[in-house]
Amino acid sequence: EAGVTQFPSHSVIEKGQTVTLRCDPISGHDNLYWYRRVMGKEIKFLLHFVKESKQDESGMPNNRFLAERTGGTYSTLKVQPAELEDSGVYFCASSQVGGDGTQYFGPGTRLTVL
Amino acid sequence: AQSVTQLGSHVSVSEGALVLLRCNYSSSVPPYLFWYVQYPNQGLQLLLKYTTGATLVKGINGFEAEFKKSETSFHLTKPSAHMSDAAEYFCAVRDNSGGSNYKLTFGKGTLLTVNP
C-alpha cells in the first residue's frame, strides 16, 4: 500500500511568488492534515480536512495560505504571495475516520523563500 | 490547550548504551500519545503510540515508552543504542475528548546522536 506522498520535495522561490504544494493521502483515508515546521521550532498544525470539507483551519497563519481538497482525494496548499517567514518544511498526514486516528505522514516539502 | 515538552533538544549516547528521551505533556483530558521519528532526508515515521490499555507500549526497532499519568510523562527508551537510531524524535499528543479534534500537538523534537 502506498504511503502519503508529497510534491515537490523541495521548492525554492522568491518573495512575492506563488507556490503550490500537493499531498496525496493514503487511499481510503478521509482525514487529511497539513502541518508546518519552521526552522528551530516545533511542528505545528495548519488545518484538517474530512473528505473535501475543512474541519479545522485554526492553524492557518493568514489569508495568504489557501488549502483545497476537491473531490476529497488529494489536497493542495497554495501560498500567495510567499514571504520569507513562510520558509520551512510542510508536512501532510492522513488517517482513517474512527479508530485511534493514527496519522501517517508524508516526506514533507521543504520550501525556501528568498 | 495541550502542550508537549521534550527535555533536551540534543541527546548523545554511545553505541550500546541506554537511550532515554523525555516527554512530558499537558492535557485537560486523557490524551493519546505518540512518538514519531525522522531519519535524515526522510519523513516522519510512527514509532509507537499509547491510546488505551497497557501503559507500557512497544514500538518498532526495539523502542518502548511508558505512559505515567501521575507524572504526565511518556518517556521513550531503548536498552541498547545502535548507530542506525541516529535521528530526530518527536513526541506528540492528541486530544481524546471525542468529537473531531484530531490535530496533533508536537514537542520541539530531540536529535539523537549515537557515537561509535
# chains A, B, ... in the order shown; residues from 1 in each chain; ligands from 1
$ residues_around --residues "region 79-90 of chain A" --least-positions-apart "6" --cutoff "6 Å" --atoms "only C-alpha atoms" --output "ChimeraX atom specification"
/A:15-19,35-38,64-65,108-113
$ write_last_selection --atoms "C-alpha atoms" --output "PDB file, in the first residue's frame"
ATOM      1  CA  LYS A  15       9.479  36.565  -2.106  1.00  0.00           C
ATOM      2  CA  GLY A  16       6.223  37.561  -3.736  1.00  0.00           C
ATOM      3  CA  GLN A  17       5.949  34.483  -5.910  1.00  0.00           C
ATOM      4  CA  THR A  18       3.304  31.785  -5.661  1.00  0.00           C
ATOM      5  CA  VAL A  19       3.899  28.165  -4.758  1.00  0.00           C
ATOM      6  CA  TYR A  35       1.485  20.774   9.361  1.00  0.00           C
ATOM      7  CA  ARG A  36       4.499  23.046   9.117  1.00  0.00           C
ATOM      8  CA  ARG A  37       7.874  23.142  10.786  1.00  0.00           C
ATOM      9  CA  VAL A  38       9.706  26.413  10.716  1.00  0.00           C
ATOM     10  CA  ARG A  64      -2.001  34.139   2.004  1.00  0.00           C
ATOM     11  CA  PHE A  65      -2.459  30.416   2.564  1.00  0.00           C
ATOM     12  CA  GLY A 108       7.401  16.746   3.548  1.00  0.00           C
ATOM     13  CA  THR A 109       8.067  19.624   1.152  1.00  0.00           C
ATOM     14  CA  ARG A 110      10.968  21.895   2.028  1.00  0.00           C
ATOM     15  CA  LEU A 111      10.032  25.432   0.996  1.00  0.00           C
ATOM     16  CA  THR A 112      12.674  28.130   0.826  1.00  0.00           C
ATOM     17  CA  VAL A 113      11.598  31.697   0.167  1.00  0.00           C
TER      18      VAL A 113
END
$ residues_around --residues "region 29-46 of chain B" --least-positions-apart "3" --cutoff "8 Å" --atoms "only C-alpha atoms" --output "number ranges by chain"
A: 104-108; B: 49-52, 74, 76, 86-97
$ write_last_selection --atoms "N, CA and C atoms" --output "compact mmCIF listing (two decimals), in the first residue's frame"
# COMPACT_ATOMS: atom_id res chain seq x y z
N TYR A 104 -0.51 9.21 9.54
CA TYR A 104 0.65 8.77 8.79
C TYR A 104 1.13 9.94 7.94
N PHE A 105 2.41 10.20 8.06
CA PHE A 105 2.97 11.40 7.46
C PHE A 105 3.66 11.14 6.14
N GLY A 106 3.64 12.17 5.30
CA GLY A 106 4.42 12.15 4.09
C GLY A 106 5.84 12.63 4.36
N PRO A 107 6.68 12.65 3.32
CA PRO A 107 8.09 13.03 3.49
C PRO A 107 8.30 14.52 3.66
N GLY A 108 7.27 15.31 3.39
CA GLY A 108 7.40 16.75 3.55
C GLY A 108 7.87 17.45 2.29
N LYS B 49 2.73 4.22 19.94
CA LYS B 49 1.62 5.06 20.39
C LYS B 49 0.97 4.45 21.63
N TYR B 50 0.40 5.33 22.44
CA TYR B 50 -0.44 4.92 23.55
C TYR B 50 -1.83 5.51 23.33
N THR B 51 -2.83 4.64 23.37
CA THR B 51 -4.21 5.12 23.27
C THR B 51 -4.97 4.72 24.52
N THR B 52 -5.16 3.46 24.72
CA THR B 52 -5.79 2.96 25.95
C THR B 52 -5.14 1.64 26.31
N PHE B 74 5.67 10.49 29.11
CA PHE B 74 5.64 9.41 28.11
C PHE B 74 7.05 9.30 27.55
N LEU B 76 10.57 7.86 26.17
CA LEU B 76 10.94 6.84 25.18
C LEU B 76 12.27 6.21 25.58
N ALA B 86 20.29 6.98 15.07
CA ALA B 86 20.54 8.42 14.95
C ALA B 86 19.46 9.06 14.09
N ALA B 87 18.73 9.99 14.69
CA ALA B 87 17.57 10.59 14.03
C ALA B 87 17.01 11.67 14.95
N GLU B 88 15.95 12.32 14.48
CA GLU B 88 15.24 13.26 15.35
C GLU B 88 13.92 12.62 15.78
N TYR B 89 13.62 12.74 17.06
CA TYR B 89 12.46 12.08 17.64
C TYR B 89 11.47 13.13 18.15
N PHE B 90 10.21 12.90 17.84
CA PHE B 90 9.16 13.85 18.20
C PHE B 90 8.08 13.17 19.03
N CYS B 91 7.76 13.79 20.15
CA CYS B 91 6.64 13.34 20.97
C CYS B 91 5.42 14.19 20.59
N ALA B 92 4.26 13.57 20.54
CA ALA B 92 3.05 14.31 20.15
C ALA B 92 1.86 13.83 20.97
N VAL B 93 0.91 14.73 21.17
CA VAL B 93 -0.29 14.41 21.93
C VAL B 93 -1.51 14.78 21.12
N ARG B 94 -2.53 13.95 21.25
CA ARG B 94 -3.79 14.22 20.56
C ARG B 94 -4.92 14.19 21.56
N ASP B 95 -5.82 15.13 21.48
CA ASP B 95 -6.97 15.20 22.36
C ASP B 95 -7.81 13.95 22.21
N ASN B 96 -8.21 13.38 23.33
CA ASN B 96 -9.02 12.17 23.31
C ASN B 96 -10.41 12.43 23.87
N SER B 97 -10.88 13.66 23.75
CA SER B 97 -12.16 14.00 24.35
C SER B 97 -13.32 13.73 23.44
$ interface_residues --of "chain A" --to "chain B" --cutoff "9 Å" --atoms "only C-alpha atoms" --output "list in words"
Tyr33, Gly40, Lys41, Glu42, Ile43, Lys44, Phe45, Leu46, Leu47, His48, Gln55, Asp56, Phe91, Asp100, Gly101, Thr102, Gln103, Tyr104, Phe105, Gly106, Pro107 and Gly108 of chain A
$ write_last_selection --atoms "C-alpha atoms" --output "mmCIF file, in the first residue's frame"
data_model
loop_
_atom_site.group_PDB
_atom_site.id
_atom_site.type_symbol
_atom_site.label_atom_id
_atom_site.label_comp_id
_atom_site.auth_asym_id
_atom_site.auth_seq_id
_atom_site.Cartn_x
_atom_site.Cartn_y
_atom_site.Cartn_z
ATOM 1 C CA TYR A 33 -3.877 17.253 7.719
ATOM 2 C CA GLY A 40 14.184 25.646 15.054
ATOM 3 C CA LYS A 41 10.564 25.426 16.042
ATOM 4 C CA GLU A 42 8.116 22.630 16.663
ATOM 5 C CA ILE A 43 5.874 21.049 14.054
ATOM 6 C CA LYS A 44 2.629 22.997 14.061
ATOM 7 C CA PHE A 45 -0.834 22.103 12.864
ATOM 8 C CA LEU A 46 -2.227 24.124 9.975
ATOM 9 C CA LEU A 47 -5.530 22.538 9.041
ATOM 10 C CA HIS A 48 -7.638 19.395 8.861
ATOM 11 C CA GLN A 55 -12.897 20.626 9.651
ATOM 12 C CA ASP A 56 -10.409 22.862 11.418
ATOM 13 C CA PHE A 91 4.124 18.001 6.130
ATOM 14 C CA ASP A 100 -7.479 5.822 17.229
ATOM 15 C CA GLY A 101 -6.943 8.238 14.366
ATOM 16 C CA THR A 102 -3.256 7.471 13.961
ATOM 17 C CA GLN A 103 -1.804 9.889 11.452
ATOM 18 C CA TYR A 104 0.648 8.769 8.786
ATOM 19 C CA PHE A 105 2.968 11.404 7.457
ATOM 20 C CA GLY A 106 4.422 12.146 4.086
ATOM 21 C CA PRO A 107 8.086 13.027 3.490
ATOM 22 C CA GLY A 108 7.401 16.746 3.548
#
$ select_by_dssp --residues "chain A" --states "strand (DSSP E)" --output "PyMOL selection string"
chain A and resi 5-7+10-13+19-24+31-37+43-50+53-56+65-68+75-79+88-95+104-105+109-113
$ atom_distance --atom1 "CA of Asp24 (chain A)" --atom2 "CA of Ala2 (chain A)"
9.8 Å
$ atom_distance --atom1 "CA of Pro25 (chain A)" --atom2 "CA of Gly98 (chain A)"
16.3 Å
